[in-house]
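Working notes, beginning with the structure itself.
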There are 2 protein chains.
Amino acid sequence: MTTSQSGGSPAGSGDAEKKLRPARTNATKQKLFEASMELIGERGAAGVTVDEIATAAGVSKGTVYYNFGSKSDLIAQLLRHGVDILMARLLSVRDDSADPLAAMEEMIGQAMDFMAEYPSFARLWVSENWRTPSEWQDTFAELRGRLLAVIGSAIDGVAAVYPVDPAVSRGSLETAIFGACFVVGLDRQTYNPERTREQSVAAIMASMRGYVMKQPPAQA
Amino acid sequence: MTTSQSGGSPAGSGDAEKKLRPARTNATKQKLFEASMELIGERGAAGVTVDEIATAAGVSKGTVYYNFGSKSDLIAQLLRHGVDILMARLLSVRDDSADPLAAMEEMIGQAMDFMAEYPSFARLWVSENWRTPSEWQDTFAELRGRLLAVIGSAIDGVAAVYPVDPAVSRGSLETAIFGACFVVGLDRQTYNPERTREQSVAAIMASMRGYVMKQPPAQA
DNA sequence: CTAACTAAACTGACCAGTCAGTTCAAATAG
DNA sequence: CTATTTGAACTGACTGGTCAGTTTAGTTAG
């Protein structure tokens with residue numbers, strides 16, 4: 001069970017020591033992330049073998065187990081890795097509060113760019129996210145919460161300035177927008193490559209424009 | 001590769017003879033659909049064995065191969081089966097054109113009910129839908145087209161009566177609504193069981209209300 | 001009587017995880 | 001400056017097990 005490697009095993013290391021120890025390791029992990037993102041996005045977590053991942057990364061199978069504790073662990077870290085990238089992009093949108101609707105629109109645009117750039121991650125996410133008893137259940141819950149918080153605060157920004165339909169719960173709207181980003185992004189890549197980024201953003205933004213009410217602001 | 005069964009094999013029968021031949025077969029197929037829908041929804045197509053499906057359906061493994069040519073074939077027919085049910089519900093909404101927005105709302109409600117009743121089908125759909133080279137690719141393309149057509153005509157119904165934002169392409173909106181139904185439905189079941197049907201419908205309907213413009217109708 | 005189904009054994013491929021051994025750059029010693 | 005040691009990083013053959021699909025001889029029910 002325990003990976004009793006001859007040397008110290010970085011497999012178990014959560015996140016710490018990012019500067020001192022690793023020499024080749026980080027480059028190797030990066031290659032493994034890229035290779036497995038690609039393969040797993042295409043054929044699913046269960047449909048890809050560790051050997052394939054190792055070969056695609058130009059590394060031996062043992063190296064995968066040296067760097068990660070298990071296939072499952074690799075995928076968990078892969079999920080975190082992808083979410084880190086997406087989060088960074090979403091947070092790059094300055095909430096200058098000039099117009100919260102514009103901020104929202106840019107966030108959705110960033111999300112669409114991310115889906116276009118990492119479609120395999122998006123596929124992995126939607127493939128595994130809603131499985132009921134799954135390894136990664138906790139991972140998903142945590143990452144989902146982080147992402148929804150960002151979207152939620154953008155919605156709050158809008159609700160603070162515009163009058164807003166009280167019949168629409170913030171939580172459901174978060175979910176709808178979040179989900180629409182993934183689905184619209186994936187659908188564009190899979191079935192409608194001719195669709196533009198702007199069309200996609202506009203379609204998702206429709207729910208925000210439907211959320212703000214047509215009456216003039218109720219002057220807080 | 002070729003399924004050379006001893007007895008006459010209904011395995012290859014696409015859709016024809018639904019009345020003449022089968023005596024026990026239909027009941028068995030039904031049981032197999034239910035069992036595999038459940039299992040595959042939970043653990044994914046690749047994560048479930050044919051033996052498990054057979055046992056769960058209270059049937060022998062041979063029967064699975066008697067009724068279906070292969071695991072892959074079973075899943076393809078399972079997809080069609082689920083879409084048939086969903087389509088029937090969507091089409092049950094009378095397009096009385098009294099208010100196309102109300103019709104749209106009821107359609108989304110029907111979709112939410114379906115997701116609540118067959119969450120495993122929804123999981124199967126989102127898990128496999130966007131895989132790039134997959135068996136079932138053609139099946140998905142066809143079924144997706146059928147479903148989008150129904151939603152599209154509901155959108156057209158709205159666009160025929162209300163003034164509508166030309167910046168939002170019908171295709172992207174179809175996709176966004178279609179996808180939101182799956183994602184919101186699944187999220188409700190997985191992460192937010194306290195969310196009501198109405199909240200979910202309202203969140204998805206927001207995109208329709210954002211699609212119709214705030215100016216008074218342009219009087220066709 | 002025959003289509004539908006059973007039960008069980010079997011094949012051949014495939015795969016996650018293991019482990020004994022190799023490499024090599026940097027540290028330490030002479 | 002050279003020799004030796006250390007250990008992290010990596011290798012790839014191997015193991016124990018699983019699984020899709022097949023086959024066969026017999027049973028059940030319409």
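Going through the structure tokens in order, the chains are called A, B, and so on, while each chain numbers its residues from 1 and the ligands are numbered from 1 in the order shown.
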Could you pull the residues within 10 Å of segment 101-117 of chain A, counting only C-alpha atoms (C1' of nucleotides), minus those fewer than 4 positions along the same chain, as a ChimeraX atom specification? /A:82,85-97,121-123,150-151,153-155,157-159,161-162,177-178,180-186,188-189,197-198,200-202,204-205,208-209,212
Define the interface residues of chain D facing chain B as those within 9 Å, counting only C-alpha atoms (C1' of nucleotides), and report them as a ChimeraX atom specification. /D:19-22,29-30
Within 8 Å of chain A: each chain B residue with its shortest pair, only C-alpha atoms, as a tab-separated table:
```
residue	atom	partner	partner_atom	distance
B:Gly41	CA	A:Arg131	CA	7.3
B:Glu42	CA	A:Arg131	CA	5.4
B:Arg43	CA	A:Arg131	CA	6.6
B:Gly44	CA	A:Arg131	CA	8.0
B:Ala46	CA	A:Ala46	CA	6.1
B:Gly47	CA	A:Ala46	CA	6.6
B:Arg123	CA	A:Trp130	CA	6.6
B:Val126	CA	A:Ser127	CA	6.2
B:Ser127	CA	A:Ser127	CA	3.8
B:Glu128	CA	A:Ser127	CA	6.9
B:Trp130	CA	A:Thr190	CA	6.4
B:Arg131	CA	A:Glu42	CA	5.4
B:Thr132	CA	A:Glu42	CA	5.8
B:Pro133	CA	A:Glu42	CA	7.2
B:Ser134	CA	A:Arg43	CA	7.6
B:Ala167	CA	A:Ala202	CA	6.9
B:Val168	CA	A:Ala203	CA	5.5
B:Ser169	CA	A:Gln199	CA	6.3
B:Ser172	CA	A:Ala203	CA	5.7
B:Leu173	CA	A:Ala203	CA	5.1
B:Thr175	CA	A:Val184	CA	6.2
B:Ala176	CA	A:Ala180	CA	5.4
B:Ile177	CA	A:Ala180	CA	7.7
B:Gly179	CA	A:Val183	CA	5.5
B:Ala180	CA	A:Ala180	CA	5.4
B:Val183	CA	A:Gly179	CA	5.5
B:Val184	CA	A:Ala176	CA	5.8
B:Leu186	CA	A:Trp130	CA	6.8
B:Asp187	CA	A:Trp130	CA	7.3
B:Thr190	CA	A:Trp130	CA	6.4
B:Arg195	CA	A:Ser172	CA	7.7
B:Gln199	CA	A:Val168	CA	6.2
B:Ser200	CA	A:Ser172	CA	5.9
B:Ala202	CA	A:Val168	CA	5.6
B:Ala203	CA	A:Leu173	CA	5.1
B:Ile204	CA	A:Ala176	CA	6.5
B:Met205	CA	A:Ser207	CA	7.5
B:Ala206	CA	A:Gly210	CA	4.5
B:Ser207	CA	A:Ser207	CA	3.4
B:Met208	CA	A:Gly210	CA	6.8
B:Arg209	CA	A:Gly210	CA	4.5
B:Gly210	CA	A:Gly210	CA	3.5
B:Tyr211	CA	A:Ala206	CA	5.6
B:Lys214	CA	A:Lys214	CA	6.4
```
Using only C-alpha atoms (C1' of nucleotides), what does the table of chain C residues within 9 Å of chain A look like, with each row giving the shortest atom pair and its distance in Å to one decimal, sorted by chain and ascending number, as JSON lines?
```
{"residue": "C:DC15", "atom": "C1'", "partner": "A:Thr49", "partner_atom": "CA", "distance": 7.0}
{"residue": "C:DA16", "atom": "C1'", "partner": "A:Val50", "partner_atom": "CA", "distance": 7.7}
{"residue": "C:DG17", "atom": "C1'", "partner": "A:Ser70", "partner_atom": "CA", "distance": 8.1}
{"residue": "C:DT18", "atom": "C1'", "partner": "A:Thr3", "partner_atom": "CA", "distance": 8.8}
{"residue": "C:DC19", "atom": "C1'", "partner": "A:Gln5", "partner_atom": "CA", "distance": 8.7}
```
How would the residues just picked look written out with N, CA, C and O atoms (P, O5', C5', C4', C3', O3' and C1' of nucleotides) as a CSV table (one decimal), in the first residue's frame?
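Final output, out-v3.csv:
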```csv
chain,number,residue,atom,x,y,z
C,15,DC,P,-5.9,-1.3,-21.2
C,15,DC,O5',-6.1,-1.0,-19.6
C,15,DC,C5',-7.0,-1.9,-18.8
C,15,DC,C4',-6.5,-1.9,-17.4
C,15,DC,C3',-5.3,-0.8,-17.1
C,15,DC,O3',-5.6,-0.3,-15.9
C,15,DC,C1',-4.6,-3.0,-16.5
C,16,DA,P,-5.1,1.2,-15.6
C,16,DA,O5',-5.0,1.2,-14.0
C,16,DA,C5',-6.0,0.8,-13.2
C,16,DA,C4',-5.5,0.3,-11.9
C,16,DA,C3',-4.6,1.2,-11.2
C,16,DA,O3',-4.9,1.1,-9.8
C,16,DA,C1',-3.5,-0.8,-11.7
C,17,DG,P,-4.3,2.1,-8.8
C,17,DG,O5',-3.0,1.3,-8.2
C,17,DG,C5',-3.3,0.1,-7.6
C,17,DG,C4',-2.0,-0.7,-7.5
C,17,DG,C3',-0.8,0.1,-6.9
C,17,DG,O3',-0.3,-0.6,-5.8
C,17,DG,C1',-0.1,-1.0,-8.8
C,18,DT,P,1.0,-0.2,-4.9
C,18,DT,O5',2.1,-1.3,-5.4
C,18,DT,C5',1.7,-2.6,-5.5
C,18,DT,C4',3.0,-3.4,-5.8
C,18,DT,C3',4.2,-3.0,-5.0
C,18,DT,O3',4.8,-4.2,-4.5
C,18,DT,C1',4.7,-3.0,-7.3
C,19,DC,P,5.9,-4.0,-3.3
C,19,DC,O5',7.3,-4.4,-4.0
C,19,DC,C5',7.3,-5.4,-5.0
C,19,DC,C4',8.6,-5.3,-5.8
C,19,DC,C3',9.7,-4.6,-4.9
C,19,DC,O3',10.9,-5.3,-5.2
C,19,DC,C1',9.5,-3.4,-6.9
```
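Atom pair atom C1' of DG17 of chain D / atom CA of Lys29 of chain A has a distance of 28.8 Å (rounded to one decimal).
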Residues within 10 Å of Glu52 of chain B, please, as an MDAnalysis selection string. Count only C-alpha atoms (C1' of nucleotides); anything in the same chain fewer than 4 positions from it doesn't count. chainID B and resid 35:36 39 48 56:61
In Å and to one decimal, atom C1' of DG12 of chain D is distant from atom CA of Val64 of chain A by 12.5 Å
Helix (DSSP H, G or I) residues, from DSSP on the backbone, in segment 24-204 of chain A, as a VMD selection string: chain A and resid 25 to 43 45 to 47 50 to 56 61 to 67 71 to 91 100 to 117 119 to 128 137 to 161 170 to 190 197 to 204
